[in-house]
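Presented below is the structure to which this report refers.
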Amino acid sequence: MGATAVIGAQWGDEGKGKVIDLLAERADLVVRYSGGNNAGHTVINHLGEFRLHLVPAGIFNEQTTCVIGNGVAVDPEVLIGEMDQLEASGIDTTRLMVSDRAHLVLPFHRLLDRLEEERLAEHAIGTTLRGIGPAFSEKTARRGIRAGDLADREALLKKLEAALTYANLLITRVYGHDPLQLDEIFAKCMTWGDRLSGRIQQTELMINEALHEGREVLLEGAQGTLLDLDFGTYPFVTSSHPGASGAYQGAGIGPVRIERIVGIFKAYCTRVGEGPFPTELHTSEGDHIREFGHEYGVTTGRPRRIGWFDAPMARLSNLVNGYTSVILTRLDVLDQMETISVCTGYRLDGEVVEYPPSGMTVLLRCEPILEQLEGWQQSTNDFRHFQDLPDNARTYVHRLEELIGAPVSMLSVGPRRDENIIVRAAL
Ligand code: GDP
Ligand code: IMO
Ligand code: MG
């Protein structure tokens with residue numbers, strides 16, 4: 001059996017955590033494959049309410065082994081804190097493994113993230129300030145420290161010294177800030193190494209073996225395709241690849257080992273941080289969705305920007321990921337709306353465009369073409385069968401399906417694990 005990749009199809013926060021927790025009920029392995037603790041994945045199930053930043057959302061299922069893959073940037077302090085919190089809630093974390101190739105997010109990455117955002121001032125990207133951009137920059141610049149490096153103290157000290165020397169040059173000479181101290185960071189690395197030692201492994205071997213044996217493997221995405229380094233609204237993006245290409249690269253498997261590519265879409269759009277957002281609402285409808293849907297960031301607590309469903313963005317997301325099916329979340333958040341708009345295309349210089357242009361200045365000139373649909377003004381929270389939903393809700397789902405160009409397999413109508421409607425049996 002091939003792997004299933006669960007991918008954020010918009011600007012993140014689509015409900016990946018909920019979906020992974022649900023699908024992991026039958027998974028042997030759940031692998032986080034990209035991003036870092038810029039992610040915030042909410043899980044609400046019979047064990048409680050959890051906000052995960054690094055630990056895969058499969059951790060609540062006792063038979064599931066969880067892997068933080070090579071494509072993830074790992075802040076060991078955050079990871080250990082998260083493991084402690086889970087353990088304190090009675091969740092067993094001994095089934096959690098970390099790839100030895102995963103790069104570490106270190107204190108100087110966090111500092112550099114903040115200093116650069118401060119320097120950019122009104123042009124800032126609005127990052128989560130978790131050091132993710134600087135950590136991935138170091139990875140590509142070949143100065144990074146990897147989880148596997150924690151095992152060899154002597155070699156680690158040399159690598160850390162080299163990385164910190166460079167970082168301190170930036171910190172002091174570019175930003176005029178005090179340098180960070182090697183001994184303090186090294187001491188932290190020692191503690192992290194002791195705590196994580198048994199878990200740091202060549203996880204690509206483990207994942208491929210599981211696939212070979214026909215076991216169920218889920219690949220857990222972070223962020224969303226519209227934040228992808230190549231296909232997102234560059235430069236207002238994250239520093240990794242949240243889509244299907246990131247899934248096989250960040251887990252260490254061949255692309256054809258992925259059998260199902262499931263795109264998670266909200267029934268509307270949200271975005272945190274800066275950057276173009278063609279369907280953004282600055283009206284009371286946007287405020288209603290934000291308050292009714294509690295649209296505040298899990299990682300930073302920032303209010304999320306709200307917009308109508310954006311078909312050009314959704315088409316691009318499907319184009320570059322090739323969704324075999326789609327899960328539509330937060331349909332219930334639209335329950336009270338009298339009318340709901342969807343953007344079917346953009347108008348640019350008098351022409352209709354179906355896909356977002358890649359350049360920011362051009363994208364900013366695009367005007368959304370809106371189509372209005374009737375709301376259903378009824379709670380969908382308790383529905384469990386698609387045919388029982390109000391007609392207008394079904395029409396809305398079918399319209400989004402048509403616009404995305406991929407079949408909807410499931411609807412999510414509440415934050416809890418069991419608040420779903422299966423539309424088509426196969427994911
Ligand atoms: P993720 O980053 O993709 O895992 O998503 P987040 O956890 O950041 O944000 C999704 C939010 O929506 C969380 O608060 C979830 O509990 C919640 N959620 C997920 N699915 C639904 C749904 O269908 N309806 C409602 N009302 N909330 C949902
Ligand atoms: P999950 O996995 C929503 C956004 C930030 C910012 C941009 C760059 O919960 O869906 P970064 O710190 O990555 O350098 O910030 O990316 N961002 C997210 N937005 N959900 C996320 O993750 C995000 N991770 C990063 O707000 O705009
Ligand atoms: Mg989130």
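Chain labels A, B, ... are given in the sequence in which chains occur in the structure tokens; within each chain residues are numbered consecutively from 1, and ligands are likewise numbered from 1 in the order shown.
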
With a distance cut-off of 12 Å and only C-alpha atoms, select the neighbouring residues of region 246-248 of chain A, excluding the residue or stretch itself and same-chain residues fewer than 3 positions from it, and output the selection as a PyMOL selection string.
chain A and resi 2-8+30-35+68-72+204+207-208+217-225+228-230+239-243+251-262+320-321

Kindly compile the residues surrounding ligand 2 within 7 Å, counting only C-alpha atoms and all ligand atoms, and format them as number ranges by chain. A: 8, 11-14, 38-41, 125-133, 221-224, 227, 236-239, 271-274, 298

| task | For Asn37 (chain A), work out the shell of residues within 8 Å, counting only C-alpha atoms and skipping chain neighbours fewer than 4 positions away, then give it as a ChimeraX atom specification. | result | /A:53-54,73-75,78,130,132

Counting only C-alpha atoms and all ligand atoms, closest pick from A:Gly297, A:Gly375, A:Pro356, A:Gly275 relative to ligand 3 is A:Gly297

Residues at most 9 Å from ligand 1, using only C-alpha atoms and all ligand atoms? Could they come as a ChimeraX atom specification?
/A:7-8,12-20,39-44,49-53,57,221-224,264,266-267,292-299,328-333,381,411-417,419-420

Expected answer as a PyMOL selection string: alpha helix (DSSP H) residues in region 249-346 of chain A
chain A and resi 249+284-292+311-321

Only N, CA and C atoms, please: the residues just picked out, written as a PDB file, in the first residue's frame.
ATOM      1  N   GLN A 249      10.298  14.302  -0.530  1.00  0.00           N
ATOM      2  CA  GLN A 249      11.657  14.738  -0.203  1.00  0.00           C
ATOM      3  C   GLN A 249      11.875  14.785   1.315  1.00  0.00           C
ATOM      4  N   SER A 284     -17.911  43.527   7.688  1.00  0.00           N
ATOM      5  CA  SER A 284     -18.452  42.855   8.878  1.00  0.00           C
ATOM      6  C   SER A 284     -18.568  41.337   8.628  1.00  0.00           C
ATOM      7  N   GLU A 285     -18.675  40.932   7.354  1.00  0.00           N
ATOM      8  CA  GLU A 285     -18.731  39.489   7.065  1.00  0.00           C
ATOM      9  C   GLU A 285     -17.419  38.817   7.481  1.00  0.00           C
ATOM     10  N   GLY A 286     -16.303  39.500   7.189  1.00  0.00           N
ATOM     11  CA  GLY A 286     -14.991  38.981   7.588  1.00  0.00           C
ATOM     12  C   GLY A 286     -14.891  38.908   9.112  1.00  0.00           C
ATOM     13  N   ASP A 287     -15.359  39.966   9.778  1.00  0.00           N
ATOM     14  CA  ASP A 287     -15.305  39.977  11.253  1.00  0.00           C
ATOM     15  C   ASP A 287     -16.169  38.860  11.820  1.00  0.00           C
ATOM     16  N   HIS A 288     -17.316  38.636  11.195  1.00  0.00           N
ATOM     17  CA  HIS A 288     -18.216  37.570  11.671  1.00  0.00           C
ATOM     18  C   HIS A 288     -17.509  36.209  11.580  1.00  0.00           C
ATOM     19  N   ILE A 289     -16.894  35.947  10.421  1.00  0.00           N
ATOM     20  CA  ILE A 289     -16.208  34.656  10.244  1.00  0.00           C
ATOM     21  C   ILE A 289     -15.074  34.516  11.265  1.00  0.00           C
ATOM     22  N   ARG A 290     -14.320  35.615  11.479  1.00  0.00           N
ATOM     23  CA  ARG A 290     -13.199  35.546  12.420  1.00  0.00           C
ATOM     24  C   ARG A 290     -13.689  35.222  13.828  1.00  0.00           C
ATOM     25  N   GLU A 291     -14.768  35.872  14.248  1.00  0.00           N
ATOM     26  CA  GLU A 291     -15.228  35.674  15.630  1.00  0.00           C
ATOM     27  C   GLU A 291     -15.979  34.355  15.763  1.00  0.00           C
ATOM     28  N   PHE A 292     -16.891  34.078  14.832  1.00  0.00           N
ATOM     29  CA  PHE A 292     -17.683  32.847  14.897  1.00  0.00           C
ATOM     30  C   PHE A 292     -16.770  31.624  14.754  1.00  0.00           C
ATOM     31  N   ALA A 311     -10.740  30.618  -6.109  1.00  0.00           N
ATOM     32  CA  ALA A 311     -10.560  29.511  -7.073  1.00  0.00           C
ATOM     33  C   ALA A 311      -9.235  29.582  -7.832  1.00  0.00           C
ATOM     34  N   PRO A 312      -8.769  30.763  -8.287  1.00  0.00           N
ATOM     35  CA  PRO A 312      -7.466  30.756  -8.979  1.00  0.00           C
ATOM     36  C   PRO A 312      -6.351  30.160  -8.097  1.00  0.00           C
ATOM     37  N   MET A 313      -6.359  30.533  -6.803  1.00  0.00           N
ATOM     38  CA  MET A 313      -5.346  29.979  -5.893  1.00  0.00           C
ATOM     39  C   MET A 313      -5.554  28.467  -5.728  1.00  0.00           C
ATOM     40  N   ALA A 314      -6.827  28.062  -5.633  1.00  0.00           N
ATOM     41  CA  ALA A 314      -7.134  26.634  -5.442  1.00  0.00           C
ATOM     42  C   ALA A 314      -6.720  25.822  -6.675  1.00  0.00           C
ATOM     43  N   ARG A 315      -6.933  26.401  -7.865  1.00  0.00           N
ATOM     44  CA  ARG A 315      -6.538  25.713  -9.114  1.00  0.00           C
ATOM     45  C   ARG A 315      -5.033  25.500  -9.150  1.00  0.00           C
ATOM     46  N   LEU A 316      -4.304  26.551  -8.766  1.00  0.00           N
ATOM     47  CA  LEU A 316      -2.842  26.440  -8.751  1.00  0.00           C
ATOM     48  C   LEU A 316      -2.413  25.352  -7.756  1.00  0.00           C
ATOM     49  N   SER A 317      -3.055  25.362  -6.602  1.00  0.00           N
ATOM     50  CA  SER A 317      -2.739  24.393  -5.551  1.00  0.00           C
ATOM     51  C   SER A 317      -2.958  22.961  -6.075  1.00  0.00           C
ATOM     52  N   ASN A 318      -4.061  22.762  -6.790  1.00  0.00           N
ATOM     53  CA  ASN A 318      -4.340  21.436  -7.358  1.00  0.00           C
ATOM     54  C   ASN A 318      -3.375  21.108  -8.492  1.00  0.00           C
ATOM     55  N   LEU A 319      -3.062  22.134  -9.287  1.00  0.00           N
ATOM     56  CA  LEU A 319      -2.153  21.939 -10.425  1.00  0.00           C
ATOM     57  C   LEU A 319      -0.787  21.416  -9.980  1.00  0.00           C
ATOM     58  N   VAL A 320      -0.233  22.028  -8.930  1.00  0.00           N
ATOM     59  CA  VAL A 320       1.140  21.673  -8.545  1.00  0.00           C
ATOM     60  C   VAL A 320       1.206  20.478  -7.591  1.00  0.00           C
ATOM     61  N   ASN A 321       0.066  20.101  -7.011  1.00  0.00           N
ATOM     62  CA  ASN A 321       0.078  18.950  -6.103  1.00  0.00           C
ATOM     63  C   ASN A 321      -0.624  17.729  -6.682  1.00  0.00           C
TER      64      ASN A 321
END

**Item:** Close residues, Ala27 (chain A) itself excluded, 8 Å, only C-alpha atoms, min 4 positions apart in chain, as a ChimeraX atom specification
**Value:** /A:23,63-64,215-218

Could those residues be written to a file, using N, CA and C atoms, as a PDB file, in the first residue's frame?
ATOM      1  N   LEU A  23      -7.278  10.409  10.561  1.00  0.00           N
ATOM      2  CA  LEU A  23      -6.782   9.358   9.655  1.00  0.00           C
ATOM      3  C   LEU A  23      -5.782   8.439  10.349  1.00  0.00           C
ATOM      4  N   GLN A  63      -1.138   2.774  18.443  1.00  0.00           N
ATOM      5  CA  GLN A  63      -0.436   1.868  17.526  1.00  0.00           C
ATOM      6  C   GLN A  63       0.414   2.636  16.515  1.00  0.00           C
ATOM      7  N   THR A  64       0.372   3.970  16.565  1.00  0.00           N
ATOM      8  CA  THR A  64       1.037   4.759  15.524  1.00  0.00           C
ATOM      9  C   THR A  64       2.429   5.208  15.958  1.00  0.00           C
ATOM     10  N   ARG A 215       2.449  -1.427   5.192  1.00  0.00           N
ATOM     11  CA  ARG A 215       1.807  -0.741   6.317  1.00  0.00           C
ATOM     12  C   ARG A 215       1.351   0.651   5.913  1.00  0.00           C
ATOM     13  N   GLU A 216       0.403   1.171   6.663  1.00  0.00           N
ATOM     14  CA  GLU A 216      -0.233   2.453   6.318  1.00  0.00           C
ATOM     15  C   GLU A 216       0.640   3.616   6.795  1.00  0.00           C
ATOM     16  N   VAL A 217       1.072   4.443   5.864  1.00  0.00           N
ATOM     17  CA  VAL A 217       1.933   5.581   6.198  1.00  0.00           C
ATOM     18  C   VAL A 217       1.231   6.879   5.809  1.00  0.00           C
ATOM     19  N   LEU A 218       1.151   7.789   6.774  1.00  0.00           N
ATOM     20  CA  LEU A 218       0.562   9.108   6.507  1.00  0.00           C
ATOM     21  C   LEU A 218       1.669  10.144   6.526  1.00  0.00           C
TER      22      LEU A 218
END

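Using only C-alpha atoms for every distance, the candidate list A:Phe309, A:Phe383, A:Tyr175, A:Tyr355 yields A:Phe309 as the residue closest to Glu371 (chain A).
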